[in-house]
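Student: File structure-v2.cif follows (mmCIF, C-alpha atoms):
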data_query
#
loop_
_atom_site.group_PDB
_atom_site.id
_atom_site.type_symbol
_atom_site.label_atom_id
_atom_site.label_comp_id
_atom_site.auth_asym_id
_atom_site.auth_seq_id
_atom_site.Cartn_x
_atom_site.Cartn_y
_atom_site.Cartn_z
ATOM 1 C CA VAL U 16 -10.939 -28.749 9.189
ATOM 2 C CA GLU U 17 -11.825 -25.191 8.367
ATOM 3 C CA ASP U 18 -14.143 -23.364 6.001
ATOM 4 C CA THR U 19 -12.550 -22.135 2.819
ATOM 5 C CA ARG U 20 -13.575 -20.390 -0.346
ATOM 6 C CA VAL U 21 -12.893 -21.134 -3.999
ATOM 7 C CA GLY U 22 -13.632 -18.130 -6.173
ATOM 8 C CA GLN U 23 -17.122 -16.947 -5.235
ATOM 9 C CA ARG U 24 -18.122 -20.272 -3.658
ATOM 10 C CA THR U 25 -17.808 -20.518 0.098
ATOM 11 C CA ASN U 26 -19.201 -23.991 0.778
ATOM 12 C CA TYR U 27 -15.865 -25.831 0.786
ATOM 13 C CA ASP U 28 -13.836 -27.257 3.646
ATOM 14 C CA LYS U 29 -10.062 -27.418 3.917
ATOM 15 C CA LEU U 30 -8.354 -30.288 5.717
ATOM 16 C CA SER U 31 -4.881 -29.586 7.103
ATOM 17 C CA LEU U 32 -2.827 -32.522 8.334
ATOM 18 C CA GLU U 33 0.319 -32.470 10.412
ATOM 19 C CA ILE U 34 2.092 -35.799 10.057
ATOM 20 C CA TRP U 35 4.855 -36.897 12.394
ATOM 21 C CA THR U 36 6.893 -40.049 11.798
ATOM 22 C CA ASN U 37 9.762 -41.757 13.572
ATOM 23 C CA GLY U 38 11.866 -41.459 10.430
ATOM 24 C CA THR U 39 11.356 -44.973 9.091
ATOM 25 C CA VAL U 40 8.919 -43.608 6.489
ATOM 26 C CA THR U 41 8.473 -40.144 5.057
ATOM 27 C CA PRO U 42 5.353 -38.162 5.975
ATOM 28 C CA GLU U 43 4.229 -38.448 2.336
ATOM 29 C CA MET U 44 4.477 -42.251 2.399
ATOM 30 C CA ALA U 45 2.661 -42.370 5.748
ATOM 31 C CA LEU U 46 -0.177 -40.355 4.202
ATOM 32 C CA VAL U 47 -0.279 -42.621 1.136
ATOM 33 C CA GLU U 48 -0.384 -45.770 3.251
ATOM 34 C CA SER U 49 -3.076 -44.396 5.550
ATOM 35 C CA ALA U 50 -5.161 -43.357 2.524
ATOM 36 C CA LYS U 51 -4.865 -46.904 1.146
ATOM 37 C CA ILE U 52 -6.060 -48.333 4.462
ATOM 38 C CA LEU U 53 -8.972 -45.882 4.601
ATOM 39 C CA ARG U 54 -9.967 -46.679 1.017
ATOM 40 C CA LYS U 55 -9.858 -50.397 1.789
ATOM 41 C CA HIS U 56 -12.229 -49.894 4.720
ATOM 42 C CA LEU U 57 -14.620 -47.723 2.676
ATOM 43 C CA ASN U 58 -14.772 -50.028 -0.382
ATOM 44 C CA PRO U 59 -17.773 -52.051 0.908
ATOM 45 C CA PHE U 60 -19.855 -48.855 0.917
ATOM 46 C CA ILE U 61 -19.007 -47.811 -2.637
ATOM 47 C CA THR U 62 -21.166 -48.764 -5.599
ATOM 48 C CA TYR U 63 -19.265 -48.846 -8.835
ATOM 49 C CA LYS U 64 -22.237 -48.711 -11.177
ATOM 50 C CA GLU U 65 -24.548 -45.755 -11.246
ATOM 51 C CA PRO U 66 -28.133 -46.291 -12.347
ATOM 52 C CA GLY U 67 -28.877 -45.142 -15.848
ATOM 53 C CA PRO U 68 -28.700 -46.276 -19.444
ATOM 54 C CA GLU U 69 -25.640 -48.213 -20.575
ATOM 55 C CA LEU U 70 -23.360 -46.142 -22.785
ATOM 56 C CA PRO U 71 -22.932 -47.348 -26.348
ATOM 57 C CA PRO U 72 -19.631 -49.226 -26.766
ATOM 58 C CA SER U 73 -18.283 -46.656 -29.194
ATOM 59 C CA SER U 74 -18.189 -43.859 -26.612
ATOM 60 C CA GLY U 75 -15.573 -42.944 -24.055
ATOM 61 C CA LEU U 76 -12.652 -45.033 -22.836
ATOM 62 C CA LYS U 77 -14.572 -48.300 -23.097
ATOM 63 C CA GLY U 78 -15.258 -47.665 -26.776
ATOM 64 C CA MET U 79 -11.676 -46.675 -27.469
ATOM 65 C CA LEU U 80 -10.454 -49.867 -25.804
ATOM 66 C CA GLU U 81 -12.824 -52.023 -27.840
ATOM 67 C CA GLN U 82 -11.953 -50.276 -31.097
ATOM 68 C CA THR U 83 -8.194 -50.522 -30.576
ATOM 69 C CA GLY U 84 -8.227 -53.946 -28.954
ATOM 70 C CA TYR U 85 -6.381 -52.508 -25.940
ATOM 71 C CA SER U 86 -7.081 -53.455 -22.355
ATOM 72 C CA PRO U 87 -6.663 -51.145 -19.333
ATOM 73 C CA ILE U 88 -3.338 -52.882 -18.657
ATOM 74 C CA ASP U 89 -2.143 -51.884 -22.129
ATOM 75 C CA LEU U 90 -3.140 -48.280 -21.452
ATOM 76 C CA GLU U 91 -1.204 -48.316 -18.173
ATOM 77 C CA LEU U 92 1.847 -49.636 -20.029
ATOM 78 C CA GLU U 93 1.468 -46.913 -22.673
ATOM 79 C CA GLU U 94 1.371 -44.249 -19.942
ATOM 80 C CA LYS U 95 4.617 -45.602 -18.502
ATOM 81 C CA LEU U 96 6.299 -45.833 -21.907
ATOM 82 C CA ASN U 97 5.336 -42.270 -22.822
ATOM 83 C CA ARG U 98 7.016 -40.774 -19.735
ATOM 84 C CA SER U 99 10.049 -38.574 -20.227
ATOM 85 C CA LEU U 100 13.477 -39.542 -18.905
ATOM 86 C CA ALA U 101 13.207 -36.745 -16.344
ATOM 87 C CA GLU U 102 10.301 -38.587 -14.697
ATOM 88 C CA LEU U 103 12.617 -41.515 -13.908
ATOM 89 C CA ASN U 104 14.688 -39.255 -11.613
ATOM 90 C CA LEU U 105 17.950 -40.704 -12.877
ATOM 91 C CA SER U 106 21.335 -39.238 -11.977
ATOM 92 C CA VAL U 107 22.626 -36.367 -14.093
ATOM 93 C CA ARG U 108 25.281 -38.660 -15.618
ATOM 94 C CA ALA U 109 22.698 -41.263 -16.656
ATOM 95 C CA THR U 110 20.330 -38.648 -18.079
ATOM 96 C CA ASN U 111 23.096 -36.895 -20.027
ATOM 97 C CA CYS U 112 24.425 -40.174 -21.458
ATOM 98 C CA LEU U 113 20.977 -41.308 -22.562
ATOM 99 C CA GLU U 114 19.992 -37.951 -24.041
ATOM 100 C CA SER U 115 23.276 -37.819 -25.983
ATOM 101 C CA GLU U 116 22.131 -41.045 -27.678
ATOM 102 C CA GLY U 117 18.725 -39.576 -28.543
ATOM 103 C CA ILE U 118 16.940 -41.484 -25.787
ATOM 104 C CA ASN U 119 14.348 -39.032 -24.478
ATOM 105 C CA SER U 120 11.505 -41.223 -23.250
ATOM 106 C CA VAL U 121 11.017 -44.445 -21.326
ATOM 107 C CA ARG U 122 9.818 -45.991 -24.618
ATOM 108 C CA ASP U 123 13.155 -45.146 -26.272
ATOM 109 C CA LEU U 124 15.024 -46.570 -23.283
ATOM 110 C CA VAL U 125 13.284 -49.944 -22.896
ATOM 111 C CA ARG U 126 13.811 -50.693 -26.599
ATOM 112 C CA ARG U 127 17.606 -50.734 -25.982
ATOM 113 C CA ILE U 128 19.530 -53.732 -24.674
ATOM 114 C CA PRO U 129 22.120 -53.487 -21.865
ATOM 115 C CA ASP U 130 25.102 -54.201 -24.149
ATOM 116 C CA GLU U 131 24.019 -51.384 -26.450
ATOM 117 C CA LEU U 132 23.851 -48.918 -23.538
ATOM 118 C CA LEU U 133 27.258 -49.974 -22.228
ATOM 119 C CA THR U 134 28.832 -48.763 -25.488
ATOM 120 C CA VAL U 135 27.682 -45.204 -24.722
ATOM 121 C CA ARG U 136 30.520 -42.961 -23.503
ATOM 122 C CA ASN U 137 30.539 -42.553 -19.661
ATOM 123 C CA PHE U 138 27.739 -45.125 -19.284
ATOM 124 C CA GLY U 139 29.096 -47.931 -17.109
ATOM 125 C CA GLU U 140 27.851 -50.835 -15.015
ATOM 126 C CA THR U 141 26.812 -48.579 -12.116
ATOM 127 C CA THR U 142 24.718 -46.381 -14.380
ATOM 128 C CA LEU U 143 23.242 -49.469 -16.041
ATOM 129 C CA THR U 144 22.256 -50.853 -12.633
ATOM 130 C CA GLU U 145 20.623 -47.529 -11.730
ATOM 131 C CA VAL U 146 18.612 -47.510 -14.972
ATOM 132 C CA GLU U 147 17.546 -51.154 -14.569
ATOM 133 C CA GLU U 148 16.393 -50.511 -10.981
ATOM 134 C CA ARG U 149 14.295 -47.505 -12.015
ATOM 135 C CA LEU U 150 12.708 -49.435 -14.876
ATOM 136 C CA SER U 151 12.092 -52.414 -12.613
ATOM 137 C CA SER U 152 10.206 -50.188 -10.156
ATOM 138 C CA LEU U 153 7.803 -49.434 -13.030
ATOM 139 C CA GLY U 154 7.529 -53.090 -14.014
ATOM 140 C CA LEU U 155 9.630 -52.502 -17.131
ATOM 141 C CA ARG U 156 12.994 -53.813 -18.326
ATOM 142 C CA LEU U 157 15.588 -53.181 -21.002
ATOM 143 C CA GLY U 158 15.217 -55.050 -24.288
ATOM 144 C CA MET U 159 11.420 -54.914 -24.410
ATOM 145 C CA LYS U 160 9.789 -55.268 -27.805
ATOM 146 C CA VAL U 161 7.530 -52.221 -27.948
ATOM 147 C CA PRO U 162 6.446 -50.201 -30.982
ATOM 148 C CA GLU U 163 8.484 -47.115 -31.794
ATOM 149 C CA ARG U 164 5.363 -44.952 -31.468
ATOM 150 C CA SER U 165 2.267 -45.466 -29.372
ATOM 151 C CA PRO U 166 -0.493 -47.154 -31.400
ATOM 152 C CA LEU U 167 -2.970 -45.026 -29.438
ATOM 153 C CA SER U 168 -1.479 -41.707 -30.589
ATOM 154 C CA LYS U 169 -2.986 -40.054 -33.619
#
Could the structure of this file be written out as structure tokens, please?

Tutor:
Amino acid sequence: VEDTRVGQRTNYDKLSLEIWTNGTVTPEMALVESAKILRKHLNPFITYKEPGPELPPSSGLKGMLEQTGYSPIDLELEEKLNRSLAELNLSVRATNCLESEGINSVRDLVRRIPDELLTVRNFGETTLTEVEERLSSLGLRLGMKVPERSPLSK
């Protein structure tokens, strides 16, 4: 830990970590897991409600959720669906095949069924498996019934 400065302010600290692993996990994953453990241990000390007047339901995220009828889970799904294909980190072949069909977002992709994708030139079983695995890691699958556009977008 060392003193650091941000602009004119000098009352900040900088934490530098050197993480060594035996190769079974990456240093990034080790940091993520250790942060989860730390957060779990600190949770009993955290208060989630600050004293003060309750906000009217029509303000902020809570108001938006009530007005649209969406829950936080729906918002999380919308965030996933609005991701670009690039964020899936698919192979170049898979990305090129999908983009040639006008599939540019996760939303466009999950609306397609496997048989439909297999008709795309150069898109075979291996590429289909890759796509299904990436979607599965997000809790999504092909053939989902989702609106063409996000109901939350204006």

Student: Return as a ChimeraX atom specification the set of residues that the PyMOL selection byres ((chain U and resi 144) around 12) yields on the displayed structure.

Tutor: /U:105-106,109,129,132-133,138-143,145-151,156-157

Student: Find, counting all atoms listed in the file, the residue in U:Asn137, U:Ala50, U:Asp130, U:Lys95 that gets nearest to U:Val107.

Tutor: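 Ranking U:Asn137, U:Ala50, U:Asp130, U:Lys95 by distance to U:Val107, first place goes to U:Asn137.
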
Student: I'd like the interatomic distance between atom CA of U:Val16 and atom CA of U:Ser31, to a tenth of an Å.

Tutor: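 Computed distance, atom CA of U:Val16 to atom CA of U:Ser31, equals 6.5 Å.
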
Student: Written as a PyMOL selection string, what is the full residue list that the PyMOL selection byres ((chain U and resi 32) around 12) yields on the file shown?

Tutor: chain U and resi 16-17+29-31+33-35+42-43+45-46

Student: Kindly save the residues from that selection, with C-alpha atoms included, as a PDB file, in the coordinates of the input.

Tutor:
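Once written, result_7.pdb looks like this:
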ATOM      1  CA  VAL U  16     -10.939 -28.749   9.189  1.00  0.00           C
ATOM      2  CA  GLU U  17     -11.825 -25.191   8.367  1.00  0.00           C
ATOM      3  CA  LYS U  29     -10.062 -27.418   3.917  1.00  0.00           C
ATOM      4  CA  LEU U  30      -8.354 -30.288   5.717  1.00  0.00           C
ATOM      5  CA  SER U  31      -4.881 -29.586   7.103  1.00  0.00           C
ATOM      6  CA  GLU U  33       0.319 -32.470  10.412  1.00  0.00           C
ATOM      7  CA  ILE U  34       2.092 -35.799  10.057  1.00  0.00           C
ATOM      8  CA  TRP U  35       4.855 -36.897  12.394  1.00  0.00           C
ATOM      9  CA  PRO U  42       5.353 -38.162   5.975  1.00  0.00           C
ATOM     10  CA  GLU U  43       4.229 -38.448   2.336  1.00  0.00           C
ATOM     11  CA  ALA U  45       2.661 -42.370   5.748  1.00  0.00           C
ATOM     12  CA  LEU U  46      -0.177 -40.355   4.202  1.00  0.00           C
TER      13      LEU U  46
END

Student: In Å, how far is it from atom CA of U:Ser99 to atom CA of U:Arg122?

Tutor: 8.6 Å
